[in-house]
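One file, entry.txt, is given below (compact mmCIF, C-alpha atoms).
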# COMPACT_ATOMS: atom_id res chain seq x y z
CA MET H 1 157.43 -31.76 285.56
CA LYS H 2 160.89 -31.76 284.02
CA LYS H 3 162.08 -35.24 283.04
CA PRO H 4 165.40 -36.46 284.42
CA LEU H 5 168.16 -36.49 281.78
CA VAL H 6 170.42 -39.54 281.42
CA ALA H 7 173.57 -39.02 279.33
CA VAL H 8 175.28 -41.96 277.60
CA VAL H 9 179.00 -41.18 277.28
CA GLY H 10 182.29 -42.94 276.62
CA ARG H 11 185.08 -43.25 274.09
CA PRO H 12 184.20 -44.09 270.46
CA ASN H 13 182.80 -47.48 269.45
CA VAL H 14 181.88 -48.93 272.85
CA GLY H 15 178.22 -49.54 271.87
CA LYS H 16 176.56 -46.39 273.20
CA SER H 17 174.23 -45.99 270.21
CA THR H 18 173.24 -49.69 270.23
CA PHE H 19 172.20 -49.29 273.87
CA PHE H 20 170.43 -46.00 273.12
CA ASN H 21 168.36 -47.56 270.33
CA LYS H 22 167.53 -50.62 272.41
CA ILE H 23 166.17 -48.53 275.29
CA ALA H 24 164.44 -46.02 273.00
CA GLY H 25 162.71 -48.94 271.28
CA LYS H 26 163.54 -47.82 267.77
CA ARG H 27 166.55 -47.05 265.65
CA ILE H 28 167.30 -43.40 266.31
CA SER H 29 171.08 -43.29 266.50
CA ILE H 30 173.06 -44.50 263.53
CA ILE H 31 174.90 -47.74 264.29
CA LYS H 32 177.95 -48.60 262.25
CA ASP H 33 181.18 -50.40 263.11
CA GLU H 34 183.36 -47.34 262.87
CA PRO H 35 184.21 -44.79 265.54
CA GLY H 36 182.81 -41.27 265.46
CA VAL H 37 179.49 -42.01 263.76
CA THR H 38 177.38 -40.22 266.37
CA ARG H 39 178.41 -36.57 266.41
CA ASP H 40 175.54 -34.68 268.04
CA ARG H 41 173.48 -35.07 271.17
CA ILE H 42 170.50 -37.26 270.29
CA TYR H 43 167.48 -37.32 272.57
CA ALA H 44 164.75 -39.92 273.11
CA ASP H 45 161.96 -40.02 275.68
CA CYS H 46 162.01 -43.35 277.53
CA VAL H 47 160.06 -45.11 280.30
CA TRP H 48 161.16 -47.68 282.90
CA LEU H 49 158.86 -48.94 285.67
CA ASP H 50 156.49 -46.01 285.07
CA ASN H 51 159.41 -43.57 285.38
CA SER H 52 159.71 -41.20 282.45
CA PHE H 53 163.14 -39.83 281.52
CA THR H 54 165.07 -38.50 278.56
CA LEU H 55 168.05 -40.45 277.26
CA ILE H 56 170.86 -38.53 275.51
CA ASP H 57 173.29 -40.27 273.17
CA THR H 58 176.61 -38.51 272.52
CA GLY H 59 179.59 -38.74 270.25
CA GLY H 60 182.67 -40.69 271.33
CA ILE H 61 184.97 -38.74 273.64
CA ASP H 62 188.59 -38.59 272.50
CA LEU H 63 190.38 -36.07 274.73
CA LYS H 64 193.61 -36.07 272.71
CA ASN H 65 192.04 -35.49 269.29
CA ASN H 66 192.19 -31.78 268.47
CA SER H 67 190.40 -31.81 265.09
CA GLU H 68 187.58 -29.30 264.54
CA VAL H 69 184.94 -32.02 264.40
CA GLN H 70 186.22 -33.69 267.58
CA LYS H 71 186.22 -30.33 269.37
CA ASN H 72 182.57 -29.93 268.41
CA ILE H 73 181.80 -33.49 269.57
CA MET H 74 183.49 -32.75 272.88
CA LEU H 75 181.47 -29.54 273.24
CA GLN H 76 178.24 -31.49 272.69
CA SER H 77 179.32 -34.14 275.20
CA GLU H 78 180.18 -31.45 277.76
CA ILE H 79 176.74 -29.87 277.32
CA ALA H 80 175.04 -33.28 277.68
CA ILE H 81 177.05 -34.03 280.83
CA SER H 82 176.28 -30.60 282.32
CA LEU H 83 172.55 -31.11 281.69
CA ALA H 84 172.42 -34.73 282.87
CA ASP H 85 170.99 -35.92 286.16
CA VAL H 86 172.67 -39.33 285.73
CA ILE H 87 175.68 -40.27 283.57
CA LEU H 88 176.13 -43.72 282.03
CA PHE H 89 179.84 -44.26 281.35
CA PHE H 90 180.23 -46.99 278.73
CA VAL H 91 183.33 -49.19 278.34
CA ASP H 92 184.06 -52.24 276.17
CA GLY H 93 184.15 -55.47 278.22
CA LYS H 94 185.80 -57.42 275.42
CA GLU H 95 188.63 -54.94 274.91
CA GLY H 96 189.26 -54.18 278.58
CA ILE H 97 190.44 -50.91 280.11
CA THR H 98 192.16 -48.54 277.68
CA THR H 99 194.08 -45.33 278.20
CA GLN H 100 191.10 -43.44 276.74
CA ASP H 101 188.80 -45.06 279.32
CA ARG H 102 191.06 -43.88 282.15
CA GLU H 103 191.15 -40.36 280.71
CA VAL H 104 187.36 -40.20 280.36
CA ALA H 105 186.91 -41.61 283.89
CA ASP H 106 189.20 -38.90 285.31
CA TYR H 107 187.21 -36.28 283.42
CA LEU H 108 183.82 -37.60 284.63
CA ARG H 109 184.85 -37.80 288.28
CA LYS H 110 185.21 -34.01 288.29
CA THR H 111 181.49 -33.56 287.46
CA ASN H 112 180.32 -34.66 290.95
CA LYS H 113 177.27 -36.26 289.34
CA PRO H 114 175.91 -39.81 289.75
CA ILE H 115 177.99 -41.98 287.39
CA ILE H 116 177.05 -45.57 286.54
CA LEU H 117 179.86 -47.62 285.01
CA VAL H 118 178.48 -49.83 282.22
CA VAL H 119 180.62 -52.69 280.86
CA ASN H 120 179.12 -53.45 277.46
CA LYS H 121 179.58 -56.23 274.85
CA LEU H 122 179.58 -59.12 277.37
CA ASP H 123 177.48 -61.24 275.04
CA ASN H 124 178.34 -64.59 276.66
CA ASN H 125 177.86 -63.61 280.31
CA GLU H 126 181.61 -63.18 280.90
CA VAL H 127 180.88 -61.29 284.11
CA GLU H 128 184.45 -61.79 285.27
CA ASN H 129 185.53 -59.50 282.41
CA SER H 130 183.92 -56.59 284.24
CA TYR H 131 186.00 -56.99 287.43
CA GLU H 132 189.06 -55.14 286.15
CA PHE H 133 186.95 -51.99 285.69
CA TYR H 134 186.85 -51.53 289.47
CA GLU H 135 190.25 -49.91 288.84
CA LEU H 136 188.46 -46.86 287.41
CA ASN H 137 187.18 -46.09 290.92
CA LEU H 138 183.63 -45.37 289.73
CA GLY H 139 181.78 -47.93 291.84
CA THR H 140 180.31 -51.29 290.90
CA PRO H 141 180.46 -52.05 287.16
CA PHE H 142 177.21 -53.15 285.52
CA PRO H 143 177.91 -55.93 282.97
CA ILE H 144 175.52 -55.85 280.00
CA SER H 145 175.12 -56.81 276.37
CA SER H 146 173.20 -54.11 274.50
CA GLU H 147 173.13 -56.27 271.39
CA GLN H 148 171.48 -59.20 273.21
CA SER H 149 169.53 -57.15 275.78
CA LYS H 150 171.29 -58.80 278.71
CA GLY H 151 171.53 -56.99 282.01
CA LEU H 152 169.49 -53.99 280.87
CA GLY H 153 166.80 -54.37 283.53
CA ASP H 154 169.25 -54.25 286.45
CA LEU H 155 170.99 -51.27 284.84
CA LEU H 156 167.75 -49.33 284.39
CA ASP H 157 166.73 -50.10 287.98
CA GLU H 158 169.98 -48.44 289.06
CA VAL H 159 169.37 -45.49 286.73
CA VAL H 160 165.92 -44.62 288.09
CA SER H 161 167.09 -45.14 291.70
CA ASN H 162 169.46 -42.20 291.16
CA PHE H 163 166.71 -39.75 290.18
CA LYS H 164 166.27 -37.11 292.84
CA THR H 165 162.68 -36.54 291.72
CA ALA H 166 160.62 -39.16 289.89
CA CYS H 167 158.72 -38.14 286.77
CA LYS H 168 155.76 -40.38 286.06
CA VAL H 169 154.66 -41.16 282.51
CA ASN H 170 152.98 -38.28 280.69
CA GLU H 171 150.49 -39.50 278.11
CA ASN H 172 150.42 -36.06 276.48
CA ASP H 173 153.92 -36.42 274.96
CA ASP H 174 152.47 -37.60 271.64
CA GLU H 175 150.55 -34.34 271.40
CA LYS H 176 153.73 -32.29 270.94
CA ILE H 177 153.96 -30.58 267.55
CA LYS H 178 156.88 -31.99 265.54
CA ILE H 179 158.82 -29.53 263.37
CA ALA H 180 161.34 -31.05 260.92
CA ILE H 181 164.16 -28.85 259.60
CA VAL H 182 165.44 -30.13 256.24
CA GLY H 183 167.58 -28.93 253.36
CA LYS H 184 170.86 -29.46 251.54
CA PRO H 185 174.11 -29.84 253.49
CA ASN H 186 175.49 -26.59 254.91
CA ALA H 187 172.32 -24.58 254.27
CA GLY H 188 172.22 -23.56 257.92
CA LYS H 189 169.81 -26.10 259.43
CA SER H 190 171.78 -26.67 262.62
CA SER H 191 172.41 -22.94 263.02
CA LEU H 192 168.66 -22.36 262.75
CA THR H 193 167.99 -25.11 265.30
CA ASN H 194 170.40 -23.49 267.74
CA LYS H 195 168.84 -20.05 267.18
CA LEU H 196 165.33 -21.34 267.82
CA LEU H 197 166.40 -23.22 270.94
CA GLY H 198 168.67 -20.48 272.21
CA GLU H 199 171.66 -22.76 272.78
CA ASP H 200 174.39 -24.56 270.85
CA ARG H 201 172.37 -27.76 270.60
CA VAL H 202 173.85 -29.33 267.47
CA VAL H 203 177.23 -29.25 265.80
CA VAL H 204 177.69 -26.16 263.62
CA SER H 205 180.79 -26.27 261.47
CA SER H 206 182.21 -24.89 258.24
CA VAL H 207 182.44 -28.52 257.10
CA ALA H 208 179.27 -29.46 255.20
CA GLY H 209 177.36 -32.42 256.57
CA THR H 210 178.37 -32.35 260.24
CA THR H 211 174.86 -33.35 261.31
CA ARG H 212 174.29 -37.03 260.46
CA ASP H 213 171.25 -38.02 262.53
CA ALA H 214 167.75 -36.67 262.77
CA ILE H 215 167.91 -35.08 266.22
CA ASP H 216 164.74 -34.58 268.30
CA THR H 217 164.74 -31.78 270.87
CA PRO H 218 161.63 -30.90 272.91
CA PHE H 219 160.99 -27.23 273.70
CA THR H 220 158.18 -24.91 274.71
CA TYR H 221 157.05 -21.74 272.92
CA ASN H 222 154.32 -19.51 274.36
CA GLY H 223 153.13 -22.32 276.60
CA LYS H 224 152.83 -24.88 273.80
CA ASP H 225 155.02 -28.01 273.52
CA TYR H 226 157.01 -28.76 270.37
CA ILE H 227 159.70 -31.16 269.19
CA LEU H 228 162.33 -29.76 266.83
CA ILE H 229 163.87 -32.32 264.47
CA ASP H 230 167.21 -31.26 262.98
CA THR H 231 168.16 -33.54 260.08
CA ALA H 232 171.16 -34.42 257.99
CA GLY H 233 171.59 -32.56 254.72
CA ILE H 234 169.87 -34.31 251.81
CA ARG H 235 172.27 -34.69 248.88
CA ARG H 236 171.52 -35.97 245.41
CA ARG H 237 171.09 -39.76 245.35
CA ARG H 238 173.98 -40.33 242.97
CA GLY H 239 176.25 -38.51 245.41
CA ILE H 240 175.84 -41.07 248.21
CA GLU H 241 175.88 -44.80 248.85
CA LEU H 242 172.70 -45.97 250.55
CA ASP H 243 174.60 -48.49 252.70
CA SER H 244 176.95 -45.78 253.94
CA VAL H 245 176.54 -43.70 257.08
CA GLU H 246 175.47 -40.75 254.94
CA GLY H 247 172.97 -43.02 253.18
CA TYR H 248 171.40 -43.86 256.52
CA SER H 249 171.36 -40.15 257.34
CA VAL H 250 169.40 -39.28 254.20
CA ILE H 251 166.91 -42.05 254.90
CA ARG H 252 166.53 -40.64 258.44
CA SER H 253 165.82 -37.21 257.00
CA MET H 254 163.10 -38.66 254.77
CA GLU H 255 161.55 -40.38 257.79
CA ALA H 256 161.66 -37.10 259.70
CA ILE H 257 159.56 -35.45 256.98
CA LYS H 258 157.03 -38.29 257.18
CA ARG H 259 156.55 -38.01 260.94
CA ALA H 260 156.63 -34.21 261.13
CA ASP H 261 153.54 -32.05 261.61
CA ILE H 262 155.23 -29.23 259.69
CA VAL H 263 158.51 -28.91 257.76
CA ILE H 264 160.97 -26.03 257.53
CA LEU H 265 162.93 -26.17 254.27
CA VAL H 266 166.16 -24.21 254.69
CA ILE H 267 167.67 -22.83 251.47
CA ASP H 268 170.99 -21.00 251.12
CA SER H 269 169.93 -17.72 249.50
CA SER H 270 173.55 -16.84 248.68
CA GLU H 271 173.57 -19.59 246.03
CA PRO H 272 171.25 -20.12 243.04
CA LEU H 273 168.22 -22.30 243.76
CA SER H 274 169.35 -25.83 242.89
CA GLU H 275 167.62 -28.91 241.51
CA GLN H 276 168.13 -30.53 244.89
CA ASP H 277 166.33 -27.68 246.68
CA VAL H 278 163.40 -28.20 244.31
CA ARG H 279 163.54 -31.97 244.80
CA ILE H 280 163.37 -31.65 248.59
CA ALA H 281 160.40 -29.29 248.23
CA GLY H 282 158.81 -31.93 246.02
CA ILE H 283 159.25 -34.58 248.73
CA ILE H 284 157.53 -32.30 251.25
CA HIS H 285 154.70 -31.65 248.79
CA GLU H 286 154.28 -35.36 247.97
CA GLU H 287 154.06 -36.17 251.67
CA LYS H 288 151.31 -33.52 251.93
CA LYS H 289 153.09 -31.69 254.74
CA PRO H 290 152.57 -28.02 255.55
CA SER H 291 155.81 -26.11 255.26
CA VAL H 292 157.72 -22.86 255.55
CA ILE H 293 160.58 -22.09 253.15
CA VAL H 294 163.35 -20.29 255.01
CA MET H 295 165.82 -18.42 252.80
CA ASN H 296 168.89 -18.31 255.03
CA LYS H 297 172.08 -16.22 254.78
CA TRP H 298 170.08 -13.18 253.64
CA ASP H 299 172.78 -11.01 255.19
CA LEU H 300 175.15 -12.08 252.38
CA ILE H 301 172.90 -10.71 249.62
CA GLU H 302 173.42 -7.27 248.10
CA LYS H 303 169.88 -6.01 247.86
CA ASP H 304 167.54 -3.15 247.17
CA ASP H 305 163.76 -2.79 247.50
CA LYS H 306 163.19 -5.16 244.55
CA THR H 307 165.52 -8.01 245.55
CA MET H 308 163.05 -9.98 247.66
CA ASN H 309 160.40 -9.78 244.93
CA ALA H 310 162.92 -11.10 242.41
CA PHE H 311 163.70 -14.06 244.67
CA ASN H 312 159.99 -14.76 245.15
CA LYS H 313 159.42 -14.71 241.38
CA LYS H 314 162.17 -17.29 240.96
CA LEU H 315 160.61 -19.48 243.65
CA GLU H 316 157.16 -19.15 242.08
CA THR H 317 158.59 -20.43 238.79
CA ASP H 318 160.66 -23.31 240.18
CA LEU H 319 158.12 -24.36 242.82
CA SER H 320 155.02 -23.95 240.69
CA PHE H 321 153.82 -27.38 241.84
CA MET H 322 153.43 -25.98 245.38
CA ASN H 323 152.16 -22.47 244.72
CA TYR H 324 150.94 -22.30 248.32
CA PHE H 325 154.47 -21.99 249.78
CA GLU H 326 155.28 -19.45 252.51
CA THR H 327 158.73 -17.85 252.61
CA LEU H 328 160.85 -16.06 255.18
CA TYR H 329 164.16 -14.32 254.45
CA ILE H 330 166.41 -14.64 257.48
CA SER H 331 169.99 -14.72 258.69
CA CYS H 332 170.89 -17.27 261.35
CA LYS H 333 174.23 -15.50 261.71
CA THR H 334 172.76 -12.10 262.61
CA GLY H 335 169.40 -13.33 263.93
CA GLN H 336 167.48 -11.26 261.35
CA ARG H 337 163.77 -12.28 261.34
CA VAL H 338 164.44 -15.55 263.20
CA ASN H 339 161.87 -14.41 265.77
CA THR H 340 159.16 -14.50 263.08
CA ILE H 341 159.55 -18.22 262.34
CA MET H 342 157.51 -19.68 265.21
CA PRO H 343 154.55 -17.29 264.72
CA LEU H 344 154.50 -18.22 261.01
CA ILE H 345 154.71 -21.93 261.85
CA ASN H 346 151.69 -21.64 264.11
CA GLU H 347 149.81 -19.69 261.44
CA VAL H 348 150.53 -22.37 258.81
CA LEU H 349 149.51 -25.11 261.25
CA SER H 350 146.18 -23.33 261.76
CA HIS H 351 145.69 -23.32 257.98
CA ASN H 352 146.46 -27.05 257.91
CA SER H 353 143.68 -27.66 260.46
CA PHE H 354 141.22 -25.22 258.82
CA ARG H 355 137.54 -26.14 258.45
CA ILE H 356 134.94 -24.38 256.32
CA SER H 357 131.16 -24.75 256.48
CA THR H 358 129.52 -26.71 253.67
CA SER H 359 127.32 -23.77 252.70
CA VAL H 360 130.24 -21.34 252.29
CA LEU H 361 132.27 -23.96 250.41
CA ASN H 362 129.46 -24.55 247.93
CA GLU H 363 128.99 -20.83 247.36
CA ILE H 364 132.67 -20.61 246.37
CA VAL H 365 132.44 -23.68 244.12
CA GLN H 366 129.23 -22.53 242.41
CA ASP H 367 130.73 -19.08 241.75
CA ALA H 368 133.81 -20.76 240.28
CA VAL H 369 131.70 -22.89 237.94
CA ARG H 370 129.65 -19.87 236.83
CA MET H 371 132.86 -17.95 236.07
CA THR H 372 134.48 -20.82 234.15
CA GLN H 373 132.56 -23.87 232.99
CA PRO H 374 134.31 -27.29 233.01
CA PRO H 375 135.79 -28.20 229.61
CA VAL H 376 133.93 -30.59 227.30
CA TYR H 377 135.26 -34.18 227.28
CA ASN H 378 134.16 -36.42 224.38
CA GLY H 379 131.09 -34.28 223.96
CA LYS H 380 130.21 -34.37 227.64
CA LYS H 381 130.93 -32.04 230.52
CA LEU H 382 131.67 -32.48 234.20
CA LYS H 383 128.82 -31.48 236.48
CA ILE H 384 129.49 -30.70 240.15
CA TYR H 385 126.48 -31.32 242.39
CA TYR H 386 127.99 -30.18 245.66
CA ALA H 387 131.16 -30.25 247.76
CA VAL H 388 131.96 -30.87 251.41
CA GLN H 389 135.11 -30.76 253.52
CA THR H 390 135.88 -34.31 254.62
CA GLY H 391 139.16 -33.90 256.49
CA THR H 392 142.01 -31.78 257.80
CA LYS H 393 145.79 -32.08 257.99
CA PRO H 394 145.74 -31.43 255.09
CA PRO H 395 142.34 -29.84 254.38
CA THR H 396 140.49 -32.34 252.20
CA PHE H 397 137.48 -31.54 250.01
CA THR H 398 135.23 -34.10 248.33
CA PHE H 399 133.12 -33.23 245.28
CA LYS H 400 130.02 -35.14 244.19
CA VAL H 401 129.97 -35.18 240.35
CA ASN H 402 128.13 -36.80 237.48
CA ASP H 403 131.23 -38.68 236.23
CA LYS H 404 134.76 -38.02 237.41
CA LYS H 405 136.25 -39.28 234.14
CA TYR H 406 135.14 -35.94 232.64
CA LEU H 407 137.45 -34.10 235.06
CA HIS H 408 140.56 -32.55 233.52
CA TYR H 409 143.55 -31.84 235.78
CA SER H 410 143.59 -28.22 234.58
CA TYR H 411 140.07 -27.70 235.90
CA GLU H 412 140.97 -29.28 239.21
CA ARG H 413 143.90 -26.85 239.41
CA TYR H 414 141.49 -24.00 238.59
CA LEU H 415 139.17 -25.03 241.44
CA GLU H 416 142.11 -25.15 243.83
CA ASN H 417 143.25 -21.67 242.80
CA VAL H 418 139.75 -20.27 243.33
CA LEU H 419 139.47 -21.92 246.72
CA ARG H 420 142.84 -20.52 247.79
CA LYS H 421 141.85 -17.02 246.64
CA ASN H 422 138.82 -17.18 248.89
CA ILE H 423 140.41 -18.95 251.88
CA ASN H 424 143.84 -18.32 253.37
CA LEU H 425 145.50 -21.72 253.11
CA LYS H 426 149.07 -20.46 252.65
CA GLY H 427 151.75 -22.95 253.58
CA THR H 428 149.56 -26.03 253.48
CA PRO H 429 148.70 -28.43 250.65
CA ILE H 430 145.07 -29.30 250.14
CA GLU H 431 143.54 -32.46 248.72
CA PHE H 432 140.58 -32.87 246.34
CA LYS H 433 138.56 -36.06 245.94
CA PHE H 434 135.87 -36.59 243.31
CA LYS H 435 133.06 -39.14 243.63
CA ASN H 436 130.42 -40.12 241.13
CA LYS H 437 126.77 -39.64 242.08
CA ASN H 438 126.27 -43.43 242.24
CA GLU H 439 129.16 -43.90 244.68
CA GLU H 440 128.53 -44.15 248.42
CA ASP H 441 127.67 -40.96 250.25
CA LEU H 442 130.37 -38.48 251.29

File written out as structure tokens:
Amino acid sequence: MKKPLVAVVGRPNVGKSTFFNKIAGKRISIIKDEPGVTRDRIYADCVWLDNSFTLIDTGGIDLKNNSEVQKNIMLQSEIAISLADVILFFVDGKEGITTQDREVADYLRKTNKPIILVVNKLDNNEVENSYEFYELNLGTPFPISSEQSKGLGDLLDEVVSNFKTACKVNENDDEKIKIAIVGKPNAGKSSLTNKLLGEDRVVVSSVAGTTRDAIDTPFTYNGKDYILIDTAGIRRRRGIELDSVEGYSVIRSMEAIKRADIVILVIDSSEPLSEQDVRIAGIIHEEKKPSVIVMNKWDLIEKDDKTMNAFNKKLETDLSFMNYFETLYISCKTGQRVNTIMPLINEVLSHNSFRISTSVLNEIVQDAVRMTQPPVYNGKKLKIYYAVQTGTKPPTFTFKVNDKKYLHYSYERYLENVLRKNINLKGTPIEFKFKNKNEEDL
């Protein structure tokens, strides 16, 4: 059953994101004491009194600001409002009614949707400060303090009472496959998100860095549930201040990689592969996440039948530490090959969950040892007794040996290469563990 959508809207800096994070139970929206920090629609699945719903945070509405970014923010807010079953209109109880509040109220009344007027920042129970907001003609104001969690229960009771159809808690939500989209600023991450979802879900602009939050969006593909996480562009550390809004954004992107089941690294193919592209790939590899490298803006490249091979050679050199990478050459602008991304993601995910029988694994390992013996270390040589797969996500293989101190990293790399030649594990890292014969059983 489709979850009701609750949109949190209002002018900038009235505490929408503080409320959003409080109800979501974790810090999802960036909070900073400056207007305009939240630019995109940000979703979180929430529960109140066994009622499941999706909360949408939005950027601050400023109807008289005609900048490109504000136009995009307004577009996102309009989409959130059009999708919403209930609208929470936030105002600042300390500041009182402003001209912007009146303008937003006039705009919202035209939607003909349930609107709940929320008077925020009443930290000291100054309920009388909410009375003047009756002037907005939007019904009874709900006085709250998001910061101190005051009045939230009564507000949420009102929210769920406005649902036309209740949606009870679904315990399968955690089973959704999480796909993180990462890359440098302006590589085309948000454009790719919008292409995959089939709507203008996140701000796409010629200005680099217009996505600041990691934005979760649930969707379904071929009957399977996924969550797409669009992230802020990851710049070089020396280019940002970690206590800045952009610093928070980069940290959020790192967290998105950690919680993802698979990562799409978007690279601008119209520019030379940069150190930062390689660094982001390294983060994905270190986190042991399966991945797909998407070379975007392929429509801008002058090419012949050898161009793609030349690009792959360059990637093989610069990403030699993750020789298992899978690549796609696409154009978000034209839609070229975008339809091949989800099938490849599912293929890579199957590799990440792959299991092999112990007998077949040991045949491969024994053949590898016969072909190339382990190198001698201080007059002694590594001996492999047997191997067994001991895990998935990523595929993990444990080797029983005479003494693991005789293992050289080059031989471990050799064993990995042999295993990959015999088993299709493209797109996923694998992990090797070595245990001495006197250690506990595998």

Within 12 Å of segment 19-24 of chain H, which residues of segment 94-211 of chain H come that close, and what is the closest atom pair and distance in Å for each? Count only C-alpha atoms and give it as JSON lines.
{"residue": "H:Val118", "atom": "CA", "partner": "H:Phe19", "partner_atom": "CA", "distance": 10.5}
{"residue": "H:Val119", "atom": "CA", "partner": "H:Phe19", "partner_atom": "CA", "distance": 11.5}
{"residue": "H:Asn120", "atom": "CA", "partner": "H:Phe19", "partner_atom": "CA", "distance": 8.8}
{"residue": "H:Lys121", "atom": "CA", "partner": "H:Phe19", "partner_atom": "CA", "distance": 10.2}
{"residue": "H:Ile144", "atom": "CA", "partner": "H:Phe19", "partner_atom": "CA", "distance": 9.6}
{"residue": "H:Ser145", "atom": "CA", "partner": "H:Phe19", "partner_atom": "CA", "distance": 8.4}
{"residue": "H:Ser146", "atom": "CA", "partner": "H:Phe19", "partner_atom": "CA", "distance": 5.0}
{"residue": "H:Glu147", "atom": "CA", "partner": "H:Phe19", "partner_atom": "CA", "distance": 7.5}
{"residue": "H:Gln148", "atom": "CA", "partner": "H:Lys22", "partner_atom": "CA", "distance": 9.5}
{"residue": "H:Ser149", "atom": "CA", "partner": "H:Lys22", "partner_atom": "CA", "distance": 7.6}
{"residue": "H:Lys150", "atom": "CA", "partner": "H:Phe19", "partner_atom": "CA", "distance": 10.7}
{"residue": "H:Gly151", "atom": "CA", "partner": "H:Phe19", "partner_atom": "CA", "distance": 11.2}
{"residue": "H:Leu152", "atom": "CA", "partner": "H:Ile23", "partner_atom": "CA", "distance": 8.5}
{"residue": "H:Gly153", "atom": "CA", "partner": "H:Ile23", "partner_atom": "CA", "distance": 10.1}
{"residue": "H:Leu155", "atom": "CA", "partner": "H:Ile23", "partner_atom": "CA", "distance": 11.0}
{"residue": "H:Leu156", "atom": "CA", "partner": "H:Ile23", "partner_atom": "CA", "distance": 9.3}

*Mind checking which residues fall within 8 Å of Glu287 of chain H, counting only C-alpha atoms, ignoring those fewer than 2 positions away in the same chain, and posting them as a list of chain:residue names?*
H:Ile257, H:Lys258, H:Ile283, H:Ile284, H:His285, H:Lys289

*Counting only C-alpha atoms, which of H:Arg413, H:Lys184, H:Lys435, H:His351 gets nearest to Ala281 of chain H?*
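Of H:Arg413, H:Lys184, H:Lys435, H:His351, the one nearest Ala281 of chain H, counting only C-alpha atoms, is H:Lys184.
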
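Minimum atom-to-atom distance to Tyr107 of chain H, evaluated using only C-alpha atoms, belongs to H:Gly10 out of H:Gly10, H:Asn309, H:Asp85, H:Thr390.
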
*asked:* Report, in Å with one decimal, the straight-line distance from atom CA of Lys113 of chain H to atom CA of Ile229 of chain H.
replied: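 A separation of 28.5 Å between them.
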
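Of note, atom CA of Glu412 of chain H and atom CA of Pro290 of chain H are spaced 20.1 Å apart.
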
_Ile356 of chain H surroundings by all atoms listed in the file, 9 Å radius, close-in-sequence under 5 positions cut, as a ChimeraX atom specification_ = /H:361,388-389,423

Missing atoms in segment 257-270 of chain H should be modelled up to N, CA and C atoms and reported as an mmCIF file, in the frame of the given file.
data_model
loop_
_atom_site.group_PDB
_atom_site.id
_atom_site.type_symbol
_atom_site.label_atom_id
_atom_site.label_comp_id
_atom_site.auth_asym_id
_atom_site.auth_seq_id
_atom_site.Cartn_x
_atom_site.Cartn_y
_atom_site.Cartn_z
ATOM 1 N N ILE H 257 160.621 -36.155 257.706
ATOM 2 C CA ILE H 257 159.560 -35.450 256.980
ATOM 3 C C ILE H 257 158.240 -36.176 257.156
ATOM 4 N N LYS H 258 158.261 -37.507 257.071
ATOM 5 C CA LYS H 258 157.030 -38.290 257.180
ATOM 6 C C LYS H 258 156.357 -38.124 258.537
ATOM 7 N N ARG H 259 157.163 -38.054 259.615
ATOM 8 C CA ARG H 259 156.550 -38.010 260.940
ATOM 9 C C ARG H 259 156.327 -36.585 261.451
ATOM 10 N N ALA H 260 156.766 -35.601 260.692
ATOM 11 C CA ALA H 260 156.630 -34.210 261.130
ATOM 12 C C ALA H 260 155.197 -33.716 260.947
ATOM 13 N N ASP H 261 154.816 -32.759 261.785
ATOM 14 C CA ASP H 261 153.540 -32.050 261.610
ATOM 15 C C ASP H 261 153.716 -30.884 260.649
ATOM 16 N N ILE H 262 154.927 -30.321 260.602
ATOM 17 C CA ILE H 262 155.230 -29.230 259.690
ATOM 18 C C ILE H 262 156.728 -29.275 259.390
ATOM 19 N N VAL H 263 157.114 -28.820 258.196
ATOM 20 C CA VAL H 263 158.510 -28.910 257.760
ATOM 21 C C VAL H 263 159.044 -27.522 257.432
ATOM 22 N N ILE H 264 160.255 -27.236 257.930
ATOM 23 C CA ILE H 264 160.970 -26.030 257.530
ATOM 24 C C ILE H 264 162.023 -26.436 256.510
ATOM 25 N N LEU H 265 161.921 -25.928 255.296
ATOM 26 C CA LEU H 265 162.930 -26.170 254.270
ATOM 27 C C LEU H 265 163.895 -24.994 254.270
ATOM 28 N N VAL H 266 165.143 -25.260 254.622
ATOM 29 C CA VAL H 266 166.160 -24.210 254.690
ATOM 30 C C VAL H 266 166.934 -24.187 253.381
ATOM 31 N N ILE H 267 166.976 -23.018 252.741
ATOM 32 C CA ILE H 267 167.670 -22.830 251.470
ATOM 33 C C ILE H 267 168.732 -21.746 251.639
ATOM 34 N N ASP H 268 169.903 -21.981 251.085
ATOM 35 C CA ASP H 268 170.990 -21.000 251.120
ATOM 36 C C ASP H 268 170.723 -19.948 250.045
ATOM 37 N N SER H 269 170.305 -18.758 250.469
ATOM 38 C CA SER H 269 169.930 -17.720 249.500
ATOM 39 C C SER H 269 171.138 -17.118 248.798
ATOM 40 N N SER H 270 172.345 -17.395 249.314
ATOM 41 C CA SER H 270 173.550 -16.840 248.680
ATOM 42 C C SER H 270 173.970 -17.642 247.455
#
